[in-house]
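J.: Sharing final_26.txt (compact mmCIF, C-alpha atoms and all ligand atoms) below.
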```
# COMPACT_ATOMS: atom_id res chain seq x y z
CA MET A 1275 0.06 20.60 -16.48
CA PHE A 1276 1.47 17.20 -15.55
CA SER A 1277 2.08 14.52 -18.16
CA GLU A 1278 2.91 10.83 -17.64
CA LYS A 1279 6.64 11.60 -18.05
CA ASP A 1280 6.60 13.91 -15.03
CA PHE A 1281 5.84 10.91 -12.82
CA ILE A 1282 8.97 8.95 -13.75
CA PHE A 1283 11.42 8.78 -10.85
CA ASN A 1284 14.90 9.28 -12.24
CA THR A 1285 17.38 9.50 -9.38
CA THR A 1286 20.10 6.87 -9.64
CA THR A 1287 21.52 6.84 -6.15
CA PHE A 1288 19.70 6.38 -2.90
CA GLU A 1289 20.43 5.80 0.72
CA ILE A 1290 17.40 4.29 2.34
CA ASN A 1291 17.99 0.66 3.29
CA LYS A 1292 15.17 -0.25 5.56
CA GLY A 1293 12.05 1.14 7.18
CA SER A 1294 8.29 1.15 7.28
CA PHE A 1295 5.32 3.44 6.72
CA GLN A 1296 1.64 3.09 7.42
CA TRP A 1297 -1.31 4.86 5.80
CA SER A 1298 -5.06 4.63 5.90
CA ALA A 1299 -7.10 5.51 2.83
CA PRO A 1300 -10.88 5.67 2.55
CA SER A 1301 -13.34 4.33 0.05
CA ASN A 1302 -15.26 6.83 -2.09
CA ILE A 1303 -18.70 6.97 -3.65
CA ALA A 1304 -19.14 8.46 -7.11
CA LEU A 1305 -21.93 10.97 -7.76
CA VAL A 1306 -21.18 11.12 -11.50
CA LYS A 1307 -19.97 7.65 -12.40
CA TYR A 1308 -16.88 6.40 -14.18
CA TRP A 1309 -17.92 3.53 -16.42
CA GLY A 1310 -15.81 2.76 -19.48
CA LYS A 1311 -12.09 3.26 -19.97
CA LYS A 1312 -9.36 3.52 -22.58
CA GLU A 1313 -5.90 1.95 -22.47
CA HIS A 1314 -3.75 2.55 -19.36
CA GLN A 1315 -6.72 3.23 -17.10
CA ILE A 1316 -7.71 6.46 -18.83
CA PRO A 1317 -11.39 7.13 -18.08
CA ALA A 1318 -13.85 7.43 -20.97
CA ASN A 1319 -15.60 10.22 -19.07
CA PRO A 1320 -14.92 12.43 -16.05
CA SER A 1321 -16.37 11.53 -12.64
CA ILE A 1322 -16.83 13.14 -9.23
CA SER A 1323 -17.10 11.52 -5.82
CA PHE A 1324 -17.57 12.04 -2.11
CA THR A 1325 -14.62 10.70 -0.16
CA LEU A 1326 -15.83 8.52 2.73
CA ASN A 1327 -14.61 8.53 6.31
CA GLN A 1328 -15.28 5.20 8.05
CA CYS A 1329 -14.82 2.65 5.28
CA LYS A 1330 -11.04 2.48 5.04
CA THR A 1331 -8.06 0.29 4.30
CA ILE A 1332 -5.09 0.51 6.66
CA THR A 1333 -1.83 -0.66 5.13
CA LYS A 1334 1.64 -0.93 6.59
CA LEU A 1335 4.52 -1.18 4.13
CA SER A 1336 7.81 -2.48 5.52
CA PHE A 1337 10.79 -2.50 3.17
CA GLU A 1338 14.36 -3.67 3.14
CA ARG A 1339 16.87 -3.16 0.36
CA LYS A 1340 17.79 -6.45 -1.31
CA ASN A 1341 21.46 -5.69 -1.85
CA THR A 1342 22.85 -2.50 -0.42
CA SER A 1343 25.91 -2.44 -2.68
CA THR A 1344 24.03 -2.02 -5.98
CA ALA A 1345 23.11 1.31 -7.54
CA LEU A 1346 19.49 2.15 -8.25
CA SER A 1347 20.02 2.10 -12.01
CA GLU A 1348 20.91 -1.58 -11.95
CA THR A 1349 17.89 -3.67 -12.90
CA LYS A 1350 16.71 -6.41 -10.60
CA LYS A 1351 14.83 -9.37 -11.94
CA ASN A 1352 11.68 -9.68 -9.88
CA PHE A 1353 9.42 -7.85 -7.50
CA SER A 1354 9.68 -9.35 -4.07
CA PHE A 1355 6.90 -8.98 -1.51
CA ASP A 1356 4.88 -10.81 1.13
CA LEU A 1357 1.24 -9.96 1.55
CA LEU A 1358 -0.57 -10.16 4.86
CA PHE A 1359 -4.30 -9.57 5.24
CA GLU A 1360 -5.42 -9.04 8.84
CA GLY A 1361 -2.02 -10.32 9.92
CA LYS A 1362 -2.13 -13.60 7.96
CA PRO A 1363 -0.51 -14.44 4.62
CA LYS A 1364 -3.01 -14.05 1.78
CA VAL A 1365 -1.77 -15.48 -1.50
CA ASP A 1366 -5.03 -14.71 -3.39
CA PHE A 1367 -4.26 -10.97 -3.24
CA LYS A 1368 -0.73 -11.35 -4.61
CA PRO A 1369 -1.47 -11.42 -8.38
CA LYS A 1370 -3.30 -8.07 -8.15
CA ILE A 1371 -0.33 -6.47 -6.35
CA GLN A 1372 2.13 -8.09 -8.80
CA LYS A 1373 0.16 -6.59 -11.71
CA PHE A 1374 0.03 -3.21 -9.97
CA PHE A 1375 3.83 -3.23 -9.46
CA GLU A 1376 4.32 -4.16 -13.13
CA ARG A 1377 2.13 -1.26 -14.24
CA ILE A 1378 3.87 1.33 -12.05
CA GLU A 1379 7.44 0.03 -12.42
CA VAL A 1380 8.34 2.58 -15.09
CA TYR A 1381 7.33 5.38 -12.68
CA CYS A 1382 8.84 3.75 -9.56
CA PRO A 1383 12.00 1.92 -10.75
CA TYR A 1384 13.19 1.57 -7.13
CA LEU A 1385 10.51 -1.05 -6.37
CA LYS A 1386 12.60 -3.98 -7.59
CA HIS A 1387 15.43 -3.01 -5.26
CA TYR A 1388 13.45 -3.76 -2.12
CA HIS A 1389 11.73 -6.65 -0.44
CA PHE A 1390 8.35 -5.52 0.90
CA ILE A 1391 5.96 -6.75 3.54
CA ILE A 1392 2.51 -5.36 2.82
CA ASP A 1393 0.29 -5.75 5.87
CA THR A 1394 -3.26 -4.67 5.17
CA GLU A 1395 -6.73 -4.64 6.75
CA ASN A 1396 -10.10 -3.01 6.15
CA THR A 1397 -12.39 -1.32 8.66
CA PHE A 1398 -15.38 -2.90 6.88
CA PRO A 1399 -15.97 -6.66 6.61
CA HIS A 1400 -14.20 -8.23 3.66
CA SER A 1401 -17.37 -9.98 2.56
CA SER A 1402 -19.58 -6.86 2.76
CA GLY A 1403 -19.71 -6.35 -1.00
CA ILE A 1404 -17.94 -2.99 -0.48
CA ALA A 1405 -15.09 -2.91 -2.97
CA SER A 1406 -11.78 -2.62 -1.14
CA SER A 1407 -9.84 -1.97 -4.34
CA ALA A 1408 -10.23 1.84 -4.18
CA SER A 1409 -9.18 2.22 -0.55
CA GLY A 1410 -6.61 -0.60 -0.83
CA MET A 1411 -4.81 0.75 -3.89
CA ALA A 1412 -4.91 4.31 -2.48
CA ALA A 1413 -3.37 3.20 0.84
CA LEU A 1414 -0.63 1.25 -0.96
CA ALA A 1415 0.09 4.16 -3.32
CA MET A 1416 0.49 6.54 -0.35
CA ASN A 1417 2.98 4.15 1.27
CA ILE A 1418 4.97 3.86 -1.97
CA MET A 1419 5.06 7.65 -2.20
CA SER A 1420 6.36 7.85 1.37
CA LEU A 1421 9.23 5.61 0.30
CA GLU A 1422 9.82 7.75 -2.80
CA LYS A 1423 9.77 10.90 -0.66
CA ALA A 1424 12.42 9.32 1.57
CA LEU A 1425 14.51 8.69 -1.56
CA ASN A 1426 13.86 12.22 -2.85
CA PRO A 1427 13.31 14.56 0.11
CA GLU A 1428 12.99 17.59 -2.21
CA MET A 1429 9.60 16.38 -3.41
CA THR A 1430 6.74 18.88 -2.96
CA LYS A 1431 3.49 18.02 -1.18
CA GLU A 1432 1.56 18.69 -4.39
CA TYR A 1433 3.71 16.25 -6.36
CA PHE A 1434 3.37 13.65 -3.58
CA THR A 1435 -0.44 13.64 -3.70
CA GLN A 1436 -0.71 13.90 -7.45
CA LYS A 1437 1.66 11.03 -8.05
CA ALA A 1438 -0.07 8.98 -5.31
CA SER A 1439 -3.37 9.49 -7.12
CA PHE A 1440 -1.69 8.74 -10.47
CA LEU A 1441 -0.29 5.44 -9.10
CA ALA A 1442 -3.56 4.51 -7.37
CA ARG A 1443 -5.36 4.99 -10.69
CA LEU A 1444 -3.09 2.43 -12.31
CA GLY A 1445 -4.12 -0.03 -9.56
CA SER A 1446 -7.86 0.59 -9.81
CA GLY A 1447 -9.33 3.59 -11.65
CA SER A 1448 -11.62 4.93 -8.93
CA ALA A 1449 -8.81 4.56 -6.34
CA CYS A 1450 -7.34 7.83 -7.63
CA ARG A 1451 -10.32 9.57 -6.01
CA SER A 1452 -9.47 8.12 -2.54
CA ILE A 1453 -6.35 10.19 -1.78
CA LYS A 1454 -7.95 13.51 -0.88
CA GLY A 1455 -11.29 14.74 0.49
CA ASN A 1456 -14.07 15.87 0.53
CA VAL A 1457 -15.06 15.91 -3.10
CA VAL A 1458 -12.73 14.73 -5.86
CA VAL A 1459 -12.89 15.10 -9.65
CA TRP A 1460 -11.12 12.67 -11.95
CA GLY A 1461 -11.06 13.08 -15.72
CA LYS A 1462 -10.56 16.03 -18.03
CA HIS A 1463 -13.52 18.38 -18.01
CA THR A 1464 -13.56 21.81 -19.64
CA GLY A 1465 -15.42 23.43 -16.71
CA ILE A 1466 -12.97 22.25 -14.05
CA ASN A 1467 -9.55 23.87 -13.96
CA GLY A 1468 -6.65 21.45 -13.53
CA SER A 1469 -8.84 18.37 -14.05
CA SER A 1470 -6.91 15.47 -15.56
CA ASP A 1471 -7.40 11.95 -16.87
CA LEU A 1472 -4.20 10.98 -15.04
CA PHE A 1473 -5.17 11.68 -11.42
CA GLY A 1474 -7.94 12.98 -9.20
CA ILE A 1475 -8.00 16.57 -7.93
CA GLU A 1476 -9.78 18.10 -4.97
CA PHE A 1477 -12.90 20.00 -5.97
CA ALA A 1478 -11.59 23.54 -5.71
CA GLU A 1479 -14.81 25.54 -5.26
CA LYS A 1480 -16.35 26.24 -1.87
CA ILE A 1481 -18.86 23.51 -1.13
CA HIS A 1482 -22.24 24.74 0.14
CA GLN A 1483 -23.04 24.27 3.84
CA ASN A 1484 -25.89 21.87 2.86
CA PHE A 1485 -23.31 19.27 1.86
CA LYS A 1486 -21.13 19.66 4.94
CA ASN A 1487 -20.82 16.32 6.75
CA TYR A 1488 -23.16 14.76 4.19
CA GLN A 1489 -24.18 11.29 5.34
CA ASP A 1490 -23.86 7.99 3.46
CA THR A 1491 -25.53 4.99 5.05
CA ILE A 1492 -24.53 1.90 3.10
CA LEU A 1493 -27.18 -0.81 3.07
CA LEU A 1494 -25.54 -4.18 2.56
CA VAL A 1495 -28.03 -5.96 0.34
CA ASP A 1496 -25.83 -8.67 -1.05
CA LYS A 1497 -22.42 -9.69 0.17
CA GLY A 1498 -21.80 -12.30 -2.48
CA GLU A 1499 -19.08 -12.17 -5.12
CA LYS A 1500 -20.19 -10.04 -8.06
CA GLN A 1501 -21.09 -12.12 -11.15
CA VAL A 1502 -19.42 -9.56 -13.40
CA SER A 1503 -16.28 -7.65 -12.37
CA SER A 1504 -15.84 -3.90 -12.94
CA THR A 1505 -13.03 -4.70 -15.38
CA VAL A 1506 -15.40 -6.70 -17.60
CA GLY A 1507 -18.11 -4.03 -17.20
CA HIS A 1508 -15.76 -1.21 -18.27
CA ASP A 1509 -14.71 -3.30 -21.28
CA LEU A 1510 -18.30 -3.76 -22.38
CA MET A 1511 -18.56 0.00 -22.92
CA HIS A 1512 -16.41 -0.50 -26.04
CA ASN A 1513 -18.91 -0.84 -28.92
CA HIS A 1514 -21.79 -0.23 -26.50
CA PRO A 1515 -24.76 1.20 -28.48
CA PHE A 1516 -25.25 4.09 -26.02
CA ALA A 1517 -21.61 4.77 -25.11
CA LYS A 1518 -21.27 8.08 -26.96
CA GLN A 1519 -24.44 9.56 -25.44
CA ARG A 1520 -23.48 8.26 -22.00
CA PHE A 1521 -20.04 9.85 -22.06
CA GLU A 1522 -21.56 13.16 -23.19
CA GLN A 1523 -24.18 12.93 -20.45
CA ALA A 1524 -21.47 12.48 -17.80
CA HIS A 1525 -19.84 15.74 -18.94
CA THR A 1526 -23.19 17.56 -18.76
CA ASN A 1527 -23.98 16.07 -15.34
CA LEU A 1528 -20.57 17.05 -14.03
CA SER A 1529 -21.15 20.67 -15.11
CA SER A 1530 -24.56 20.61 -13.40
CA ILE A 1531 -23.40 18.99 -10.16
CA LYS A 1532 -20.51 21.44 -9.93
CA LYS A 1533 -23.07 24.27 -9.74
CA VAL A 1534 -25.23 22.32 -7.29
CA LEU A 1535 -22.34 21.67 -4.91
CA GLU A 1536 -21.70 25.41 -4.86
CA ASN A 1537 -25.31 26.65 -4.61
CA GLY A 1538 -26.64 23.92 -2.26
CA ASN A 1539 -29.65 22.95 -4.41
CA ILE A 1540 -30.36 19.51 -2.94
CA GLU A 1541 -33.37 18.90 -5.18
CA GLU A 1542 -31.14 19.15 -8.25
CA PHE A 1543 -28.46 17.10 -6.49
CA ILE A 1544 -30.95 14.27 -5.98
CA LYS A 1545 -32.00 14.30 -9.64
CA ILE A 1546 -28.43 14.09 -10.92
CA VAL A 1547 -27.21 11.50 -8.42
CA GLU A 1548 -30.13 9.09 -8.79
CA SER A 1549 -30.13 9.42 -12.57
CA GLU A 1550 -26.38 8.66 -12.62
CA ALA A 1551 -26.88 5.53 -10.50
CA LEU A 1552 -29.67 4.22 -12.70
CA THR A 1553 -27.78 5.11 -15.88
CA LEU A 1554 -24.76 3.13 -14.66
CA HIS A 1555 -26.95 0.07 -14.20
CA ALA A 1556 -28.79 0.76 -17.46
CA MET A 1557 -25.41 0.57 -19.23
CA MET A 1558 -24.90 -2.87 -17.70
CA MET A 1559 -28.36 -4.02 -18.76
CA THR A 1560 -27.86 -2.80 -22.34
CA SER A 1561 -24.34 -4.08 -22.99
CA MET A 1562 -23.67 -7.29 -24.88
CA PRO A 1563 -23.54 -9.59 -23.00
CA TYR A 1564 -26.02 -7.83 -20.68
CA PHE A 1565 -26.11 -8.32 -16.94
CA ILE A 1566 -27.93 -7.13 -13.83
CA LEU A 1567 -26.15 -6.43 -10.54
CA MET A 1568 -29.16 -5.08 -8.66
CA LYS A 1569 -31.17 -7.55 -6.56
CA PRO A 1570 -34.91 -7.48 -5.82
CA ASN A 1571 -34.11 -5.89 -2.45
CA THR A 1572 -32.14 -3.11 -4.16
CA LEU A 1573 -35.34 -2.14 -6.00
CA GLU A 1574 -37.45 -2.49 -2.84
CA ILE A 1575 -35.15 -0.05 -1.07
CA ILE A 1576 -35.21 2.43 -3.96
CA ASN A 1577 -39.01 2.39 -4.01
CA ARG A 1578 -39.23 2.87 -0.24
CA ILE A 1579 -36.84 5.84 -0.44
CA TRP A 1580 -38.95 7.42 -3.18
CA LYS A 1581 -42.17 6.91 -1.20
CA PHE A 1582 -40.65 8.26 2.03
CA ARG A 1583 -39.25 11.28 0.19
CA ALA A 1584 -42.60 12.05 -1.46
CA GLU A 1585 -44.52 11.69 1.80
CA THR A 1586 -42.16 13.46 4.20
CA LYS A 1587 -40.41 15.90 1.83
CA THR A 1588 -37.11 14.75 3.39
CA PRO A 1589 -34.16 15.23 1.02
CA VAL A 1590 -32.91 11.65 1.03
CA CYS A 1591 -31.67 9.90 -2.10
CA PHE A 1592 -29.75 6.84 -3.19
CA THR A 1593 -26.81 5.94 -5.31
CA LEU A 1594 -25.37 2.59 -6.36
CA ASP A 1595 -21.92 1.37 -7.24
CA ALA A 1596 -21.23 -1.70 -9.35
CA GLY A 1597 -23.20 -4.03 -7.08
CA ALA A 1598 -26.47 -4.56 -5.23
CA ASN A 1599 -25.72 -2.43 -2.15
CA VAL A 1600 -27.51 0.90 -1.77
CA HIS A 1601 -25.81 4.10 -0.58
CA VAL A 1602 -28.39 6.31 1.13
CA LEU A 1603 -27.27 9.96 0.95
CA TYR A 1604 -28.72 12.76 3.08
CA PRO A 1605 -27.83 16.00 4.93
CA GLU A 1606 -26.49 15.85 8.48
CA ASN A 1607 -29.48 17.87 9.77
CA ASP A 1608 -31.89 15.08 8.82
CA ARG A 1609 -29.77 12.32 10.33
CA GLU A 1610 -31.95 11.21 13.21
CA HIS A 1611 -35.15 11.17 11.26
CA ILE A 1612 -33.65 9.27 8.31
CA LEU A 1613 -31.79 6.75 10.46
CA GLN A 1614 -35.10 5.95 12.11
CA PHE A 1615 -36.68 5.43 8.68
CA ILE A 1616 -33.76 3.19 7.68
CA LYS A 1617 -34.14 1.08 10.83
CA ASP A 1618 -37.93 0.86 10.54
CA GLU A 1619 -38.25 0.25 6.83
CA LEU A 1620 -34.99 -0.55 5.06
CA ILE A 1621 -32.80 -2.85 7.12
CA GLY A 1622 -35.26 -5.69 6.57
CA PHE A 1623 -33.97 -5.72 2.97
CA CYS A 1624 -30.31 -5.96 4.02
CA GLN A 1625 -28.44 -9.25 4.41
CA ASN A 1626 -28.44 -10.02 8.13
CA ALA A 1627 -29.78 -6.48 8.74
CA ASN A 1628 -26.30 -5.11 8.02
CA TYR A 1629 -25.56 -1.49 7.24
CA ILE A 1630 -22.67 0.95 7.73
CA CYS A 1631 -23.04 4.61 8.71
CA ASP A 1632 -20.48 6.77 6.97
CA THR A 1633 -20.00 10.46 6.20
CA ILE A 1634 -17.98 12.59 3.82
CA GLY A 1635 -14.29 12.45 4.82
CA ASN A 1636 -10.91 14.05 4.26
CA GLY A 1637 -8.83 11.43 2.46
CA ALA A 1638 -5.74 9.38 3.28
CA ILE A 1639 -4.01 9.77 6.65
CA GLN A 1640 -0.43 8.85 7.57
CA ILE A 1641 -0.27 6.72 10.69
CA LEU A 1642 3.43 5.89 10.76
O1 LIG B 1701 -12.37 1.58 -10.15
P1 LIG B 1701 -13.15 0.46 -10.76
O2 LIG B 1701 -12.52 -0.07 -12.00
O3 LIG B 1701 -13.48 -0.60 -9.76
O4 LIG B 1701 -14.55 1.06 -11.26
C1 LIG B 1701 -15.49 1.61 -10.40
C2 LIG B 1701 -16.72 1.97 -11.13
C3 LIG B 1701 -17.89 2.45 -10.30
O5 LIG B 1701 -17.72 2.24 -8.93
C4 LIG B 1701 -19.13 1.71 -10.74
C5 LIG B 1701 -18.17 3.93 -10.56
C6 LIG B 1701 -17.20 4.90 -9.95
O6 LIG B 1701 -17.01 5.96 -10.56
O7 LIG B 1701 -16.66 4.64 -8.86
```
Show me this structure written as structure tokens.
Ligand code: PMV

T.:
Amino acid sequence: MFSEKDFIFNTTTFEINKGSFQWSAPSNIALVKYWGKKEHQIPANPSISFTLNQCKTITKLSFERKNTSTALSETKKNFSFDLLFEGKPKVDFKPKIQKFFERIEVYCPYLKHYHFIIDTENTFPHSSGIASSASGMAALAMNIMSLEKALNPEMTKEYFTQKASFLARLGSGSACRSIKGNVVVWGKHTGINGSSDLFGIEFAEKIHQNFKNYQDTILLVDKGEKQVSSTVGHDLMHNHPFAKQRFEQAHTNLSSIKKVLENGNIEEFIKIVESEALTLHAMMMTSMPYFILMKPNTLEIINRIWKFRAETKTPVCFTLDAGANVHVLYPENDREHILQFIKDELIGFCQNANYICDTIGNGAIQIL
């Protein structure tokens, strides 16, 4: 079992002066939601997600050692990095990266010895309302681990991915679920061997054929800035009147969905996933201060999905993240039929008729 201490890099000499890596990492969509955290990005309850395939961040990390004559143990004063978004300098993103570097410094003491150029872009539009923090932090964490692997070539593959997920978590909690595919569990759960609050692990059981290439069509209902950030939302779970019951429910739902993913019971899958989405938003509506992130069109879409499902017996369902967009989940076999329904009945509720077709994916990929 890994503990925080195992992720501290403690070599004092190193030979890498200059180089670059490039990784892509996908977004992920939670089936059992993470909402509420303790200190140091420790989740209040375990969660499970589908890794996505199309919605990705691609990040190139170029690095050059600041002063080649100094040993690694010698402390440097500041982090030094330039940030480019779609090839242009983007100062607004710098504070988030600065904070991320500060949080992971104890585990990656070599960071202050390099100047970095972080060149990043997303495959989905920046203003789509799709959070880029999960894919962005995962892609950056993979690049940092490539540098660490260059400094410590003995490192095992297992350690590489677990530390990448551990670092990504410190950037943005759900990012730790964006390293691997197809299904990832994050958070200690008695029914899942090896599960940890510190990093995400691949769901180890054989996933039923019914969930193979599962589809996620993301309906972009509202592209605006969220009125309440996830950070504030997580915080409001402290002293929330229903927090204890909610955290217990997440454990129960994780046990149930584990069985469902193995036995292929889509009816049960739908019940758990939709209940989780509505519970997440119910937590927002019942916190103090309370808030609503769904929009009228979010509810229109949900009602249309329910009506279509009742009338056609097609196993389509929805989930939500912390925003107004709707993720429509369905089996690959029903793709044509459901895409037609989406085009005929749902895209009218999307901003500028925008939606993204995605599927379950395999996690981060090294490009360079
Ligand atoms: O990783 P954060 O802090 O942005 O939180 C994400 C929370 C949800 O997307 C609402 C749920 C989840 O488990 O991804």

J.: Compare A:Glu1476, A:Glu1522, A:Asp1632, A:Asp1509 by their minimum atom-to-atom distance to ligand LIG 1701 (chain B), counting only C-alpha atoms and all ligand atoms, and give me the closest one.

T.: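 Answer, going by the shortest atom-to-atom distance: A:Asp1509.
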
J.: Counting only C-alpha atoms and all ligand atoms, which residues in chain A sit no more than 10 Å from ligand LIG 1701 (chain B)? For each one, give the nearest pair of atoms and the distance in Å, sorted by chain then residue number, as CSV.

T.:
```
residue,atom,partner,partner_atom,distance
A:Ser1301,CA,B:LIG1701,O7,9.5
A:Asn1302,CA,B:LIG1701,O7,7.3
A:Ile1303,CA,B:LIG1701,O7,6.1
A:Ala1304,CA,B:LIG1701,O6,4.8
A:Leu1305,CA,B:LIG1701,O6,7.6
A:Val1306,CA,B:LIG1701,O6,6.7
A:Lys1307,CA,B:LIG1701,O6,3.9
A:Tyr1308,CA,B:LIG1701,O6,3.6
A:Trp1309,CA,B:LIG1701,C2,5.6
A:Gly1310,CA,B:LIG1701,C2,8.4
A:Lys1311,CA,B:LIG1701,O2,8.6
A:Gln1315,CA,B:LIG1701,O2,8.4
A:Pro1317,CA,B:LIG1701,O6,9.5
A:Asn1319,CA,B:LIG1701,O6,9.6
A:Pro1320,CA,B:LIG1701,O6,8.7
A:Ser1321,CA,B:LIG1701,O6,6.0
A:Ile1322,CA,B:LIG1701,O6,7.3
A:Ser1323,CA,B:LIG1701,O6,7.3
A:Ile1404,CA,B:LIG1701,O5,9.9
A:Ala1405,CA,B:LIG1701,O3,7.4
A:Ser1406,CA,B:LIG1701,O3,9.0
A:Ser1407,CA,B:LIG1701,O3,6.7
A:Ala1408,CA,B:LIG1701,O1,6.3
A:Met1411,CA,B:LIG1701,O1,9.9
A:Ala1442,CA,B:LIG1701,O1,9.7
A:Arg1443,CA,B:LIG1701,O1,7.8
A:Leu1444,CA,B:LIG1701,O1,9.6
A:Gly1445,CA,B:LIG1701,O1,8.4
A:Ser1446,CA,B:LIG1701,O1,4.6
A:Gly1447,CA,B:LIG1701,O1,3.9
A:Ser1448,CA,B:LIG1701,O1,3.6
A:Ala1449,CA,B:LIG1701,O1,6.0
A:Cys1450,CA,B:LIG1701,O1,8.4
A:Arg1451,CA,B:LIG1701,O7,8.5
A:Trp1460,CA,B:LIG1701,O6,9.0
A:Ser1503,CA,B:LIG1701,O3,8.0
A:Ser1504,CA,B:LIG1701,O3,5.2
A:Thr1505,CA,B:LIG1701,O2,5.8
A:Val1506,CA,B:LIG1701,O2,9.1
A:Gly1507,CA,B:LIG1701,O4,8.6
A:His1508,CA,B:LIG1701,O2,7.1
A:Glu1550,CA,B:LIG1701,C5,9.7
A:Ala1551,CA,B:LIG1701,C4,8.6
A:Leu1554,CA,B:LIG1701,C4,7.0
A:His1555,CA,B:LIG1701,C4,8.7
A:Leu1594,CA,B:LIG1701,C4,7.7
A:Asp1595,CA,B:LIG1701,C4,4.5
A:Ala1596,CA,B:LIG1701,C4,4.2
A:Gly1597,CA,B:LIG1701,C4,7.9
```

J.: Could you give me, as a tab-separated table, a per-residue list for region 1378-1446 of chain A showing, wherever an atom lies at most 9 Å from an atom of region 1334-1342 of chain A, the closest pair of atoms and their distance in Å to one decimal, using all atoms listed in the file and sorting by chain then residue number from low to high?

T.:
```
residue	atom	partner	partner_atom	distance
A:Lys1386	CA	A:Lys1340	CA	8.5
A:His1387	CA	A:Lys1340	CA	5.7
A:Tyr1388	CA	A:Arg1339	CA	4.3
A:His1389	CA	A:Glu1338	CA	5.3
A:Phe1390	CA	A:Phe1337	CA	4.5
A:Ile1391	CA	A:Ser1336	CA	5.1
A:Ile1392	CA	A:Leu1335	CA	4.8
A:Asp1393	CA	A:Lys1334	CA	5.1
A:Thr1394	CA	A:Lys1334	CA	6.3
A:Ala1413	CA	A:Lys1334	CA	8.7
A:Leu1414	CA	A:Leu1335	CA	7.6
A:Asn1417	CA	A:Leu1335	CA	6.2
A:Ile1418	CA	A:Leu1335	CA	7.9
A:Leu1421	CA	A:Phe1337	CA	8.7
```

J.: Any idea what the distance is between CA of Phe1324 (chain A) and CA of His1482 (chain A)?

T.: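 These two atoms are separated by 13.7 Å.
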
J.: When you look at Phe1434 (chain A) with a cut-off of 8 Å (counting all atoms listed in the file), what residues show up, excluding the ones that are within fewer than 4 positions of it in the same chain? I need them as JSON, numbers by chain.

T.: {"A": [1419, 1423, 1429, 1430, 1438]}

J.: Let me see the file: selected residues, C-alpha atoms, as a tab-separated table (two decimals), keeping the file's coordinate frame.

T.:
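Generated file (again.tsv):
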```tsv
chain	number	residue	atom	x	y	z
A	1419	MET	CA	5.06	7.65	-2.20
A	1423	LYS	CA	9.77	10.90	-0.66
A	1429	MET	CA	9.60	16.38	-3.41
A	1430	THR	CA	6.74	18.88	-2.96
A	1438	ALA	CA	-0.07	8.98	-5.31
```

J.: Would you compute the distance between CA of Lys1373 (chain A) and CA of Trp1297 (chain A)? Give it in Å to one decimal.

T.: 21.0 Å

J.: Let me have the centre and edge lengths in Å, one decimal, of the box along x, y and z around every listed atom of region 1625-1641 of chain A with 6 Å of margin on each side, as lines of an AutoDock Vina configuration file.

T.:
```
center_x = -15.0
center_y = 2.0
center_z = 6.6
size_x = 41.5
size_y = 36.1
size_z = 20.2
```

J.: Can you tell me, as an NGL selection string, what residues are no more than 7 Å from Cys1631 (chain A) when counting only C-alpha atoms, ignoring any on the same chain fewer than 6 positions away?

T.: :A and (1490-1492)

J.: Quick one: residues within 12 Å of Glu1610 (chain A), all atoms listed in the file counted, chain neighbours fewer than 5 positions away excluded, as a PyMOL selection string?

T.: chain A and resi 1489+1588+1604-1605+1615-1617+1631

J.: Nearest to Lys1351 (chain A): which of A:Pro1570, A:Pro1383, A:Leu1441, A:Lys1486 is it, counting all atoms listed in the file?

T.: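 Result for the nearest residue to Lys1351 (chain A): A:Pro1383.
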
J.: Nearest to Asp1608 (chain A): which of A:Ser1420, A:Thr1285, A:Gln1436, A:Asn1487 is it, counting only C-alpha atoms?

T.: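 Checking each candidate against Asp1608 (chain A), we get A:Asn1487 as the closest.
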
J.: Nearest to Leu1567 (chain A) among A:Glu1376, A:Gly1538, A:Leu1552, A:Lys1292, with distances taken over only C-alpha atoms: which residue is it?

T.: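 Distance minimum relative to Leu1567 (chain A) lands on A:Leu1552.
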
J.: Rounded to one decimal, what separation in Å do you get between CA of Phe1374 (chain A) and CA of Ser1354 (chain A)?

T.: 12.9 Å

J.: Measuring between all atoms listed in the file, which one of A:Leu1535, A:Val1495, A:Leu1510, A:Ile1544 shows the shortest distance to Asn1599 (chain A)?

T.: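 Checking each candidate against Asn1599 (chain A), we get A:Val1495 as the closest.
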
J.: Looking at all atoms listed in the file, which of A:Thr1593, A:Thr1333, A:Ser1277, A:Asn1484 is the one that sits closest to Gln1640 (chain A)?

T.: A:Thr1333

J.: Counting only C-alpha atoms, which residues have an atom no more than 9 Å from (-4.4, -8.5, 9.1) in the file's coordinates? Please list them as an MDAnalysis selection string.

T.: chainID A and resid 1358:1363 1393:1396

J.: With all atoms listed in the file as the counted atoms, please give the residues lying no more than 9 Å from Ser1470 (chain A), apart from itself and same-chain residues fewer than 6 positions off, as JSON, numbers by chain.

T.: {"A": [1275, 1276, 1320, 1459, 1460, 1461, 1462, 1463]}
